[in-house]
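J.: Have a look at this one.
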Amino acid sequence: MERQNLEAGWLLGSFWSLLLGALVVSTFKGPQQLLALDMGSENASWEPEEVPGTESSEHTFFSLDYQHVQVPFEITLWIMLASLAKIGFHLYNKLPSVVPESCLLIFVGLIMGGIIYGLNDKSPPVMDSDVFFLYLLPPIVLDAGYFMPSRPFFENIGTILLYAVVGTIVNVFGIGFSLYGICQVKAFRLQDISLLHNLLFGSLIAAVDPVAVLSVFEEIHVNEKLHILVFGESLLNDAVTVVLYKLLRSFCEMSTIKTVDVFAGIGKFFVVAIGGVLVGLIFGMTAAFTTRFTKNIRVIEPLFVFLYSYLSYLTAEMFHLSGIVAIIACAMGMKRYVEANISLKSHTTVKYFMKMWSSVSDTLIFIFLGVSTIGDNHEWNWTYICFTVVFCLLWRALGVLVLTFFVNRLHVNTVTSKDQFIIAYGGLRGAICFSLVFLLPDFPRKKLFIAATTVIILFTVFVQGMTIRPLVELLDVKRKRESAPTVGEQIHMRFLDHLLAGIEDICGHWGQYYWKDKFEYFNSKYLQKFLLREYSQPKSSIVLLYEKLEKKHAIELVEAGQLIHTPSHASFDSQKSAGMVKIVDGLNSDVLENIQKILARNLYKIRRTVRFCSLKIYGIQTVQYNYCLSQQHVQMLVLFRYAINELSIRRTGCEK
Amino acid sequence: MGSRASTLLRDEEIEEIKKETGFSHSQITRLYSRFTSLDKGENGTLSREDFQRIPELAINPLGDRIINAFFPEGEDQVNFRGFMRTLAHFRPIEDNEKSKDQNGPEPLNSRSNKLHFAFRLYDLDKDDKISRDELLQVLRMMVGVNISDEQLGSIADRTIQEADQDGDSAISFAEFVKAFQYL
């Protein structure tokens, strides 16, 4: 294992330095910004084709035309670099557990930026905000929204919204005003920064970043409720950030500010939020509707999921609504129906493509963050920067404390003080702040803001990111329970839902369960008929979970080939084997076909592994083992035979 | 309706109900007005038809069982005290109650009592066990009509197997509690 690691390390290292060299050379070649995909370079690549009238007489066997492929080539190189770096981290098992991946990636970016700066003696390319917002951010948010567990999300939606909206506003104004107060102190020589500029800075630095939160919290498995609170807040505060940032920026450019404008701002917030949700839902429903008709072209089914989500993001950005909220609404809205409509393979494809894209984006963002830090974009001012850090932490803690106090008064499920601490501590800032600060209009103190943002981001990601894991363990925060879902639990949850909805009806109280029940009713009566392909037979989630678990067990049974105690199939008395047969009857034909194929393939494999295993066991046990296994064989053959029978019965049309 | 309502709910009664169930004064008055609005016969008690008149309850799969839970053994009418007593099971557990004396009778809304209430909704024949048939009935109500009986039977089998620890092919109250420990 060690030798393997070492070899892999050498290979990676050499690959990596090659790539790095290639990138450095490429920055030598062209003064153009690496990532600002301006049309100039693309046009330039077409021109040489017309020129070589003189050269065409010489047939060169080997020529180099870098201009032609420059842009895609460089992009691919960057992505390759990022992915190789990621492999590198996971070679050393101890490293990811101490240092979160985001830190390592920023570190790598810093090194690269340093190398490029040192060799070129000018600033390395800066991450273009357009590239970030249009290409790098959507995959991550889509992945987050699609795999968001909707049940805890909606149970805690009140709290999440409170933190996202009120908390962010409190943070923005708090940080803005405190920094303005600091600027007033004559000794610091910062008086030229006006209140508006401070507020603008506050608005972009106050928002918690979903990318950073996701990458850090993914590795520390805290309990579901805490996770969803922090995560939901980081996603939904985008609406507030968008409004405040744009509003304050337009205020900066206006000469006078009337109170009407302030009210317009508040109104704008509602438009942005609700508009974003609406856009997302429209696209989500359209996507679900489209997948209803894709039965014959299964291959492009996953494409629809991605296309519609990306369209919803772009549409929302077009109208200056919140793109993140739109894409989340789209993903959550369409998930249920799309998953029922698309095939199993498409489902797997969607899942893995999403994960892959979001992972690549994530890695690229952090590396670029590191690279962009180096350079002469910064103006350093100790006081301002230190106070920014202090105020960020302070106001976040204050905000969380006060809001949780209110939440605990109204709600049954209290947020414990340990959870509160983690929520306050987990307020990481990331690439969104960074991109926003580059989008600021040019004014004299812009570089100071850039420097302050960089320091804050590095501080939160490195210091808070690295220490949050030991803190979680130290404080003994409730962790995620790692147990498999059971059918029984699902039944009981549904049972409780119905029960509580009924009680709420009796009390005449319109509570959480009442609305949930109403939505489910609306769903089954109208939505499902419209959006699902086979609406005549929507399967209840209990049945789906049961089928999934049984399939898994059947596959495990066959693959293991040994006697393992699986809940449904593992004893010898005839009653249970009859039970197994009954289970076969109950499964639908897809599952049966699956089982049949697996059994056919693995039946001989099992015989071989059986022989091998039995050789290892001594004495009487050998005999017993063999006996056990041959009985297992018999059972499997029985299963096999019934499966075939069942399949033939179904094929001849004796279905109900 | 006004004067009758006030005579039917005197302050001493409110105090008694408060002590027994733990609801606050405002909650009791609100629930009382709901009780009277449901009580179409205006005789101070609710019958099964009064409950069945609630529209959402009619489409709730567990509607009948919930209604039955309100009526004590063999009776057909429930007065306000009984109404409150059943509803008290659903009051959220508050932190300040945990510090009260442990020696007194367990409050109606303790976790154990809540689970007991749910258990009684499953267990119709009241033998302190949820047998396969009872589970089947509940499943049938919740899952709908599209699933075949054998499939439902296997789901019920699996559920019992997951929860059953003493091997009696039925879920006793202790096993029921254990299944809920994560919810």
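Within each chain, counting starts at residue 1; across the structure tokens, chains are named A, B, ... in the order shown, with ligands numbered 1 upward in that order.
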Report as a list of chain:residue names all protein, DNA and RNA residues lying within 7 Å of Phe283 of chain A, evaluated on only C-alpha atoms, omitting residues in the same chain fewer than 6 positions from it.
T.: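 Residues near the query, excluding close chain neighbours: A:Tyr308, A:Ser312, A:Cys330.
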J.: Residues as selected, N, CA and C atoms, written as a compact mmCIF listing (two decimals), in the first residue's frame, can you do that?
T.:
```
# COMPACT_ATOMS: atom_id res chain seq x y z
N TYR A 308 -33.04 22.30 -18.41
CA TYR A 308 -34.07 23.13 -17.81
C TYR A 308 -33.56 23.87 -16.58
N SER A 312 -33.39 27.90 -16.18
CA SER A 312 -34.07 28.65 -15.12
C SER A 312 -33.10 29.61 -14.46
N CYS A 330 -36.39 25.04 -8.99
CA CYS A 330 -36.55 24.16 -10.15
C CYS A 330 -36.18 22.73 -9.79
```
J.: Near chain A, which residues of chain B fall within 7 Å when you count only C-alpha atoms, and what do they look like as a ChimeraX atom specification?
T.: /B:31,34,56-57,60,62-63,92,143,146,150-151,154-155,158-159,161-162,179
J.: Residues of the last selection are to be written out with all heavy atoms, as a short mmCIF file (atom, residue, chain, number, x, y, z; two decimals), in the first residue's frame.
T.:
```cif
data_model
loop_
_atom_site.label_atom_id
_atom_site.label_comp_id
_atom_site.auth_asym_id
_atom_site.auth_seq_id
_atom_site.Cartn_x
_atom_site.Cartn_y
_atom_site.Cartn_z
N LEU B 31 -59.73 26.02 22.41
CA LEU B 31 -60.20 24.67 22.10
C LEU B 31 -61.67 24.51 22.50
O LEU B 31 -62.40 23.76 21.87
CB LEU B 31 -59.33 23.63 22.81
CG LEU B 31 -57.95 23.47 22.17
CD1 LEU B 31 -57.05 22.65 23.05
CD2 LEU B 31 -58.09 22.81 20.82
N ARG B 34 -63.72 25.77 19.76
CA ARG B 34 -63.73 24.79 18.67
C ARG B 34 -64.68 23.65 19.00
O ARG B 34 -65.43 23.19 18.13
CB ARG B 34 -62.30 24.26 18.46
CG ARG B 34 -62.17 23.17 17.45
CD ARG B 34 -62.33 23.69 16.05
NE ARG B 34 -62.16 22.61 15.08
CZ ARG B 34 -62.50 22.69 13.82
NH1 ARG B 34 -63.04 23.80 13.37
NH2 ARG B 34 -62.30 21.68 13.00
N GLU B 56 -61.81 17.42 6.22
CA GLU B 56 -60.50 16.84 5.94
C GLU B 56 -60.33 15.50 6.62
O GLU B 56 -59.61 14.64 6.15
CB GLU B 56 -59.38 17.77 6.43
CG GLU B 56 -59.23 19.05 5.62
CD GLU B 56 -60.17 20.10 6.13
OE1 GLU B 56 -60.81 19.85 7.16
OE2 GLU B 56 -60.28 21.15 5.49
N LEU B 57 -61.03 15.33 7.73
CA LEU B 57 -60.89 14.07 8.46
C LEU B 57 -61.49 12.92 7.66
O LEU B 57 -61.07 11.78 7.77
CB LEU B 57 -61.61 14.19 9.80
CG LEU B 57 -61.00 13.40 10.96
CD1 LEU B 57 -59.55 13.75 11.11
CD2 LEU B 57 -61.75 13.73 12.22
N ASN B 60 -58.89 11.55 5.42
CA ASN B 60 -57.69 11.06 6.09
C ASN B 60 -57.80 9.55 6.27
O ASN B 60 -58.80 9.06 6.77
CB ASN B 60 -57.59 11.75 7.46
CG ASN B 60 -56.26 11.52 8.10
OD1 ASN B 60 -55.69 10.44 8.00
ND2 ASN B 60 -55.77 12.53 8.78
N LEU B 62 -56.53 7.61 8.32
CA LEU B 62 -56.64 7.15 9.70
C LEU B 62 -57.82 7.80 10.41
O LEU B 62 -57.92 7.70 11.64
CB LEU B 62 -55.36 7.49 10.47
CG LEU B 62 -54.10 6.82 9.95
CD1 LEU B 62 -52.92 7.29 10.76
CD2 LEU B 62 -54.23 5.32 10.08
N GLY B 63 -58.68 8.47 9.65
CA GLY B 63 -59.75 9.26 10.26
C GLY B 63 -60.58 8.49 11.27
O GLY B 63 -60.76 8.92 12.42
N PRO B 92 -46.88 19.72 23.00
CA PRO B 92 -45.43 19.53 22.96
C PRO B 92 -44.82 19.47 24.35
O PRO B 92 -45.28 20.14 25.25
CB PRO B 92 -44.93 20.76 22.21
CG PRO B 92 -46.06 21.69 22.13
CD PRO B 92 -47.30 20.96 22.36
N VAL B 143 -51.45 2.93 1.87
CA VAL B 143 -50.76 2.78 0.61
C VAL B 143 -51.70 2.90 -0.58
O VAL B 143 -51.30 3.22 -1.67
CB VAL B 143 -50.00 1.44 0.61
CG1 VAL B 143 -49.65 0.99 -0.75
CG2 VAL B 143 -48.78 1.57 1.47
N ASN B 146 -53.65 0.31 -5.22
CA ASN B 146 -52.96 -0.18 -6.41
C ASN B 146 -52.05 -1.36 -6.15
O ASN B 146 -51.50 -1.92 -7.08
CB ASN B 146 -52.11 0.94 -7.00
CG ASN B 146 -52.97 2.09 -7.44
OD1 ASN B 146 -54.06 1.87 -7.91
ND2 ASN B 146 -52.49 3.30 -7.24
N GLU B 150 -50.43 -9.68 -1.95
CA GLU B 150 -49.19 -10.40 -1.58
C GLU B 150 -48.07 -9.41 -1.33
O GLU B 150 -47.27 -9.57 -0.42
CB GLU B 150 -48.74 -11.36 -2.67
CG GLU B 150 -49.71 -12.45 -3.02
CD GLU B 150 -50.38 -12.15 -4.32
OE1 GLU B 150 -49.67 -11.98 -5.30
OE2 GLU B 150 -51.61 -12.06 -4.31
N GLN B 151 -48.02 -8.38 -2.18
CA GLN B 151 -46.96 -7.39 -2.00
C GLN B 151 -47.10 -6.72 -0.64
O GLN B 151 -46.13 -6.54 0.10
CB GLN B 151 -47.05 -6.32 -3.08
CG GLN B 151 -45.92 -6.39 -4.06
CD GLN B 151 -45.94 -5.25 -5.03
OE1 GLN B 151 -47.00 -4.77 -5.39
NE2 GLN B 151 -44.79 -4.82 -5.43
N SER B 154 -45.91 -8.96 1.98
CA SER B 154 -44.46 -9.03 2.16
C SER B 154 -43.91 -7.78 2.82
O SER B 154 -42.96 -7.85 3.59
CB SER B 154 -43.74 -9.28 0.84
OG SER B 154 -44.61 -9.32 -0.23
N ILE B 155 -44.53 -6.64 2.51
CA ILE B 155 -44.08 -5.42 3.18
C ILE B 155 -44.32 -5.53 4.68
O ILE B 155 -43.46 -5.20 5.50
CB ILE B 155 -44.79 -4.18 2.63
CG1 ILE B 155 -44.44 -3.99 1.16
CG2 ILE B 155 -44.38 -2.94 3.39
CD1 ILE B 155 -45.12 -2.81 0.53
N ARG B 158 -41.81 -7.83 6.23
CA ARG B 158 -40.50 -7.20 6.40
C ARG B 158 -40.49 -6.24 7.57
O ARG B 158 -39.54 -6.19 8.33
CB ARG B 158 -40.14 -6.47 5.11
CG ARG B 158 -38.69 -6.12 5.13
CD ARG B 158 -38.35 -5.06 4.12
NE ARG B 158 -37.07 -4.51 4.47
CZ ARG B 158 -35.92 -4.93 3.96
NH1 ARG B 158 -35.93 -5.88 3.06
NH2 ARG B 158 -34.79 -4.39 4.33
N THR B 159 -41.57 -5.48 7.70
CA THR B 159 -41.63 -4.53 8.81
C THR B 159 -41.55 -5.25 10.14
O THR B 159 -40.83 -4.84 11.05
CB THR B 159 -42.95 -3.74 8.77
OG1 THR B 159 -43.20 -3.35 7.45
CG2 THR B 159 -42.88 -2.55 9.67
N GLN B 161 -40.28 -8.16 10.68
CA GLN B 161 -38.95 -8.73 10.85
C GLN B 161 -37.94 -7.70 11.31
O GLN B 161 -37.06 -7.98 12.10
CB GLN B 161 -38.47 -9.33 9.53
CG GLN B 161 -38.56 -10.81 9.55
CD GLN B 161 -38.45 -11.36 8.15
OE1 GLN B 161 -38.54 -10.62 7.18
NE2 GLN B 161 -38.25 -12.63 8.07
N GLU B 162 -38.09 -6.47 10.77
CA GLU B 162 -37.15 -5.44 11.16
C GLU B 162 -37.28 -5.09 12.63
O GLU B 162 -36.32 -4.82 13.32
CB GLU B 162 -37.39 -4.18 10.34
CG GLU B 162 -36.80 -4.22 8.96
CD GLU B 162 -37.33 -3.09 8.11
OE1 GLU B 162 -38.17 -2.33 8.60
OE2 GLU B 162 -36.91 -2.97 6.96
N ALA B 179 -38.57 1.23 17.57
CA ALA B 179 -38.58 1.63 16.16
C ALA B 179 -38.69 3.14 16.02
O ALA B 179 -38.30 3.70 15.01
CB ALA B 179 -39.73 0.95 15.44
#
```
J.: Which residues are close to segment 365-375 of chain A, i.e. within 10 Å by only C-alpha atoms, leaving aside same-chain residues fewer than 3 positions away? Reply as a ChimeraX atom specification.
T.: /A:78-79,81-82,85,101-118,121-128,132,136-137,211-212,359-362,378,430-432,434-435,450-451,454-455,457-458
J.: Could you write out, as a VMD selection string, all the residues of segment 160-403 of chain A that DSSP marks as alpha helix (DSSP H)?
T.: chain A and resid 160 to 161 168 to 184 195 to 205 210 to 217 224 to 253 259 to 291 301 to 318 323 to 341 344 to 373 382 to 403
J.: When distances are computed from only C-alpha atoms, which of A:Val166, A:Ile87, A:Val461, A:Met318 shows the smallest separation from Val402 of chain A?
T.: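 Going through A:Val166, A:Ile87, A:Val461, A:Met318 one by one, the smallest distance to Val402 of chain A is for A:Val166.
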J.: Ranking A:Phe406, A:Gln70, A:Ile193, A:Gly202 by minimum distance to Phe391 of chain A and counting only C-alpha atoms, which one comes first?
T.: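 Ranking A:Phe406, A:Gln70, A:Ile193, A:Gly202 by distance to Phe391 of chain A, first place goes to A:Gly202.
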J.: Could you check the closest approach to Val138 of chain B for each of B:Gly82, B:Gly22, B:Gly41, B:Gly153 and tell me which residue wins, using only C-alpha atoms?
T.: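 Looking only at the distances to Val138 of chain B, the closest residue turns out to be B:Gly153.
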J.: Report as an NGL selection string all protein, DNA and RNA residues lying within 12 Å of Asp168 of chain B, evaluated on only C-alpha atoms, omitting residues in the same chain fewer than 6 positions from it.
T.: :B and (129-132 or 160-161 or 175)
J.: Take the residues that were just selected and, keeping all heavy atoms, output them as a PDB file, in the first residue's frame.
T.:
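Saved file selection.pdb follows:
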```pdb
ATOM      1  N   LYS B 129     -50.328  -6.118  21.297  1.00  0.00           N
ATOM      2  CA  LYS B 129     -49.395  -6.516  20.252  1.00  0.00           C
ATOM      3  C   LYS B 129     -49.955  -6.048  18.920  1.00  0.00           C
ATOM      4  O   LYS B 129     -51.163  -6.072  18.724  1.00  0.00           O
ATOM      5  CB  LYS B 129     -49.276  -8.039  20.191  1.00  0.00           C
ATOM      6  CG  LYS B 129     -48.332  -8.634  21.180  1.00  0.00           C
ATOM      7  CD  LYS B 129     -48.160 -10.089  20.849  1.00  0.00           C
ATOM      8  CE  LYS B 129     -47.439 -10.820  21.950  1.00  0.00           C
ATOM      9  NZ  LYS B 129     -46.223 -10.155  22.389  1.00  0.00           N
ATOM     10  N   ILE B 130     -49.082  -5.653  18.023  1.00  0.00           N
ATOM     11  CA  ILE B 130     -49.544  -5.358  16.675  1.00  0.00           C
ATOM     12  C   ILE B 130     -49.283  -6.612  15.856  1.00  0.00           C
ATOM     13  O   ILE B 130     -48.137  -6.948  15.574  1.00  0.00           O
ATOM     14  CB  ILE B 130     -48.770  -4.187  16.062  1.00  0.00           C
ATOM     15  CG1 ILE B 130     -48.868  -2.958  16.947  1.00  0.00           C
ATOM     16  CG2 ILE B 130     -49.307  -3.867  14.688  1.00  0.00           C
ATOM     17  CD1 ILE B 130     -48.074  -1.800  16.426  1.00  0.00           C
ATOM     18  N   SER B 131     -50.337  -7.298  15.520  1.00  0.00           N
ATOM     19  CA  SER B 131     -50.153  -8.521  14.747  1.00  0.00           C
ATOM     20  C   SER B 131     -50.031  -8.167  13.265  1.00  0.00           C
ATOM     21  O   SER B 131     -50.210  -7.028  12.865  1.00  0.00           O
ATOM     22  CB  SER B 131     -51.345  -9.445  14.959  1.00  0.00           C
ATOM     23  OG  SER B 131     -52.477  -8.860  14.332  1.00  0.00           O
ATOM     24  N   ARG B 132     -49.724  -9.195  12.501  1.00  0.00           N
ATOM     25  CA  ARG B 132     -49.520  -8.977  11.057  1.00  0.00           C
ATOM     26  C   ARG B 132     -50.781  -8.439  10.404  1.00  0.00           C
ATOM     27  O   ARG B 132     -50.718  -7.561   9.535  1.00  0.00           O
ATOM     28  CB  ARG B 132     -49.107 -10.305  10.431  1.00  0.00           C
ATOM     29  CG  ARG B 132     -48.710 -10.180   8.983  1.00  0.00           C
ATOM     30  CD  ARG B 132     -48.105 -11.471   8.497  1.00  0.00           C
ATOM     31  NE  ARG B 132     -47.854 -11.416   7.086  1.00  0.00           N
ATOM     32  CZ  ARG B 132     -48.729 -11.698   6.138  1.00  0.00           C
ATOM     33  NH1 ARG B 132     -49.931 -12.090   6.476  1.00  0.00           N
ATOM     34  NH2 ARG B 132     -48.414 -11.597   4.862  1.00  0.00           N
ATOM     35  N   ILE B 160     -42.301  -6.354  10.236  1.00  0.00           N
ATOM     36  CA  ILE B 160     -42.287  -7.080  11.494  1.00  0.00           C
ATOM     37  C   ILE B 160     -40.908  -7.649  11.746  1.00  0.00           C
ATOM     38  O   ILE B 160     -40.394  -7.610  12.861  1.00  0.00           O
ATOM     39  CB  ILE B 160     -43.363  -8.181  11.484  1.00  0.00           C
ATOM     40  CG1 ILE B 160     -44.733  -7.535  11.425  1.00  0.00           C
ATOM     41  CG2 ILE B 160     -43.229  -9.071  12.693  1.00  0.00           C
ATOM     42  CD1 ILE B 160     -45.864  -8.487  11.532  1.00  0.00           C
ATOM     43  N   GLN B 161     -40.280  -8.161  10.682  1.00  0.00           N
ATOM     44  CA  GLN B 161     -38.948  -8.732  10.850  1.00  0.00           C
ATOM     45  C   GLN B 161     -37.941  -7.697  11.309  1.00  0.00           C
ATOM     46  O   GLN B 161     -37.061  -7.980  12.102  1.00  0.00           O
ATOM     47  CB  GLN B 161     -38.467  -9.330   9.533  1.00  0.00           C
ATOM     48  CG  GLN B 161     -38.560 -10.806   9.548  1.00  0.00           C
ATOM     49  CD  GLN B 161     -38.448 -11.358   8.153  1.00  0.00           C
ATOM     50  OE1 GLN B 161     -38.538 -10.624   7.184  1.00  0.00           O
ATOM     51  NE2 GLN B 161     -38.254 -12.634   8.070  1.00  0.00           N
ATOM     52  N   GLU B 175     -40.955  -2.987  21.406  1.00  0.00           N
ATOM     53  CA  GLU B 175     -40.356  -2.970  20.079  1.00  0.00           C
ATOM     54  C   GLU B 175     -40.826  -1.758  19.297  1.00  0.00           C
ATOM     55  O   GLU B 175     -40.071  -1.153  18.524  1.00  0.00           O
ATOM     56  CB  GLU B 175     -40.708  -4.260  19.321  1.00  0.00           C
ATOM     57  CG  GLU B 175     -40.010  -5.476  19.898  1.00  0.00           C
ATOM     58  CD  GLU B 175     -40.752  -6.755  19.582  1.00  0.00           C
ATOM     59  OE1 GLU B 175     -41.806  -6.678  18.921  1.00  0.00           O
ATOM     60  OE2 GLU B 175     -40.300  -7.821  20.014  1.00  0.00           O
TER      61      GLU B 175
END
```
J.: Which residues are close to Lys126 of chain B, i.e. within 12 Å by only C-alpha atoms, leaving aside same-chain residues fewer than 5 positions away? Reply as an MDAnalysis selection string.
T.: chainID B and resid 73 116:117 119:121 131 134 172:173
J.: Deliver the residues from the most recent selection as a file, using N, CA and C atoms, as an mmCIF file, in the first residue's frame.
T.:
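Writing done, so here's selection-v8.cif:
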```cif
data_model
loop_
_atom_site.group_PDB
_atom_site.id
_atom_site.type_symbol
_atom_site.label_atom_id
_atom_site.label_comp_id
_atom_site.auth_asym_id
_atom_site.auth_seq_id
_atom_site.Cartn_x
_atom_site.Cartn_y
_atom_site.Cartn_z
ATOM 1 N N GLU B 73 -63.961 3.570 26.298
ATOM 2 C CA GLU B 73 -64.448 2.224 26.021
ATOM 3 C C GLU B 73 -65.963 2.127 26.004
ATOM 4 N N HIS B 116 -47.819 5.494 23.329
ATOM 5 C CA HIS B 116 -48.893 4.590 23.704
ATOM 6 C C HIS B 116 -50.152 4.875 22.907
ATOM 7 N N PHE B 117 -50.420 6.170 22.746
ATOM 8 C CA PHE B 117 -51.597 6.567 21.980
ATOM 9 C C PHE B 117 -51.503 6.061 20.549
ATOM 10 N N PHE B 119 -49.706 3.617 19.508
ATOM 11 C CA PHE B 119 -49.772 2.154 19.539
ATOM 12 C C PHE B 119 -51.213 1.681 19.572
ATOM 13 N N ARG B 120 -52.029 2.387 20.358
ATOM 14 C CA ARG B 120 -53.427 1.975 20.454
ATOM 15 C C ARG B 120 -54.163 2.159 19.134
ATOM 16 N N LEU B 121 -53.659 3.099 18.306
ATOM 17 C CA LEU B 121 -54.323 3.275 17.019
ATOM 18 C C LEU B 121 -54.032 2.119 16.076
ATOM 19 N N SER B 131 -50.337 -7.298 15.520
ATOM 20 C CA SER B 131 -50.153 -8.521 14.747
ATOM 21 C C SER B 131 -50.031 -8.167 13.265
ATOM 22 N N GLU B 134 -53.202 -6.635 11.734
ATOM 23 C CA GLU B 134 -53.460 -5.234 12.071
ATOM 24 C C GLU B 134 -52.548 -4.332 11.255
ATOM 25 N N SER B 172 -44.532 -5.799 19.844
ATOM 26 C CA SER B 172 -45.015 -5.411 21.165
ATOM 27 C C SER B 172 -44.703 -3.933 21.377
ATOM 28 N N PHE B 173 -45.171 -3.419 22.515
ATOM 29 C CA PHE B 173 -45.013 -1.990 22.724
ATOM 30 C C PHE B 173 -43.543 -1.601 22.831
#
```
J.: One decimal, in Å: what's the spacing between atom CA of Ile160 of chain A and atom CA of Leu314 of chain A?
T.: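 Computing it gives 25.0 Å between the two atoms.
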J.: Using only C-alpha atoms, which residues sit within 12 Å of Val279 of chain A once same-chain residues fewer than 2 positions away are excluded, as a ChimeraX atom specification?
T.: /A:271-277,281-286,308-331,333
J.: Those residues with C-alpha atoms, as a compact mmCIF listing (two decimals), in the first residue's frame please?
T.:
```txt
# COMPACT_ATOMS: atom_id res chain seq x y z
CA VAL A 271 -40.05 40.60 -6.34
CA VAL A 272 -36.61 39.01 -6.49
CA ALA A 273 -37.42 36.23 -4.07
CA ILE A 274 -40.88 35.33 -5.24
CA GLY A 275 -39.97 35.86 -8.86
CA GLY A 276 -37.02 33.54 -8.50
CA VAL A 277 -39.18 30.82 -6.97
CA LEU A 281 -41.10 26.25 -10.47
CA ILE A 282 -42.25 26.97 -14.01
CA PHE A 283 -39.13 25.43 -15.45
CA GLY A 284 -39.32 22.56 -13.03
CA MET A 285 -42.87 21.69 -13.98
CA THR A 286 -42.03 21.99 -17.67
CA TYR A 308 -34.07 23.13 -17.81
CA SER A 309 -32.25 23.87 -14.59
CA TYR A 310 -29.60 25.91 -16.34
CA LEU A 311 -32.26 27.77 -18.30
CA SER A 312 -34.07 28.65 -15.12
CA TYR A 313 -30.86 30.05 -13.68
CA LEU A 314 -30.12 32.10 -16.77
CA THR A 315 -33.68 33.37 -17.06
CA ALA A 316 -33.66 34.51 -13.47
CA GLU A 317 -30.33 36.24 -13.94
CA MET A 318 -31.69 37.89 -17.05
CA PHE A 319 -34.49 39.51 -15.10
CA HIS A 320 -32.16 40.38 -12.25
CA LEU A 321 -33.94 37.92 -10.01
CA SER A 322 -32.13 35.55 -7.73
CA GLY A 323 -30.67 32.78 -9.88
CA ILE A 324 -29.76 30.56 -6.98
CA VAL A 325 -33.28 30.55 -5.58
CA ALA A 326 -34.64 29.82 -9.06
CA ILE A 327 -32.40 26.87 -9.68
CA ILE A 328 -33.13 25.42 -6.27
CA ALA A 329 -36.88 25.79 -6.74
CA CYS A 330 -36.55 24.16 -10.15
CA ALA A 331 -34.54 21.23 -8.85
CA GLY A 333 -39.92 20.95 -7.82
```
J.: Considering only C-alpha atoms, return as a PyMOL selection string whatever protein or nucleic-acid residues lie within 7 Å of segment 339-350 of chain A, sequence-local ones (same chain, fewer than 5 positions apart) excluded.
T.: chain A and resi 291-292+301-302+532-533
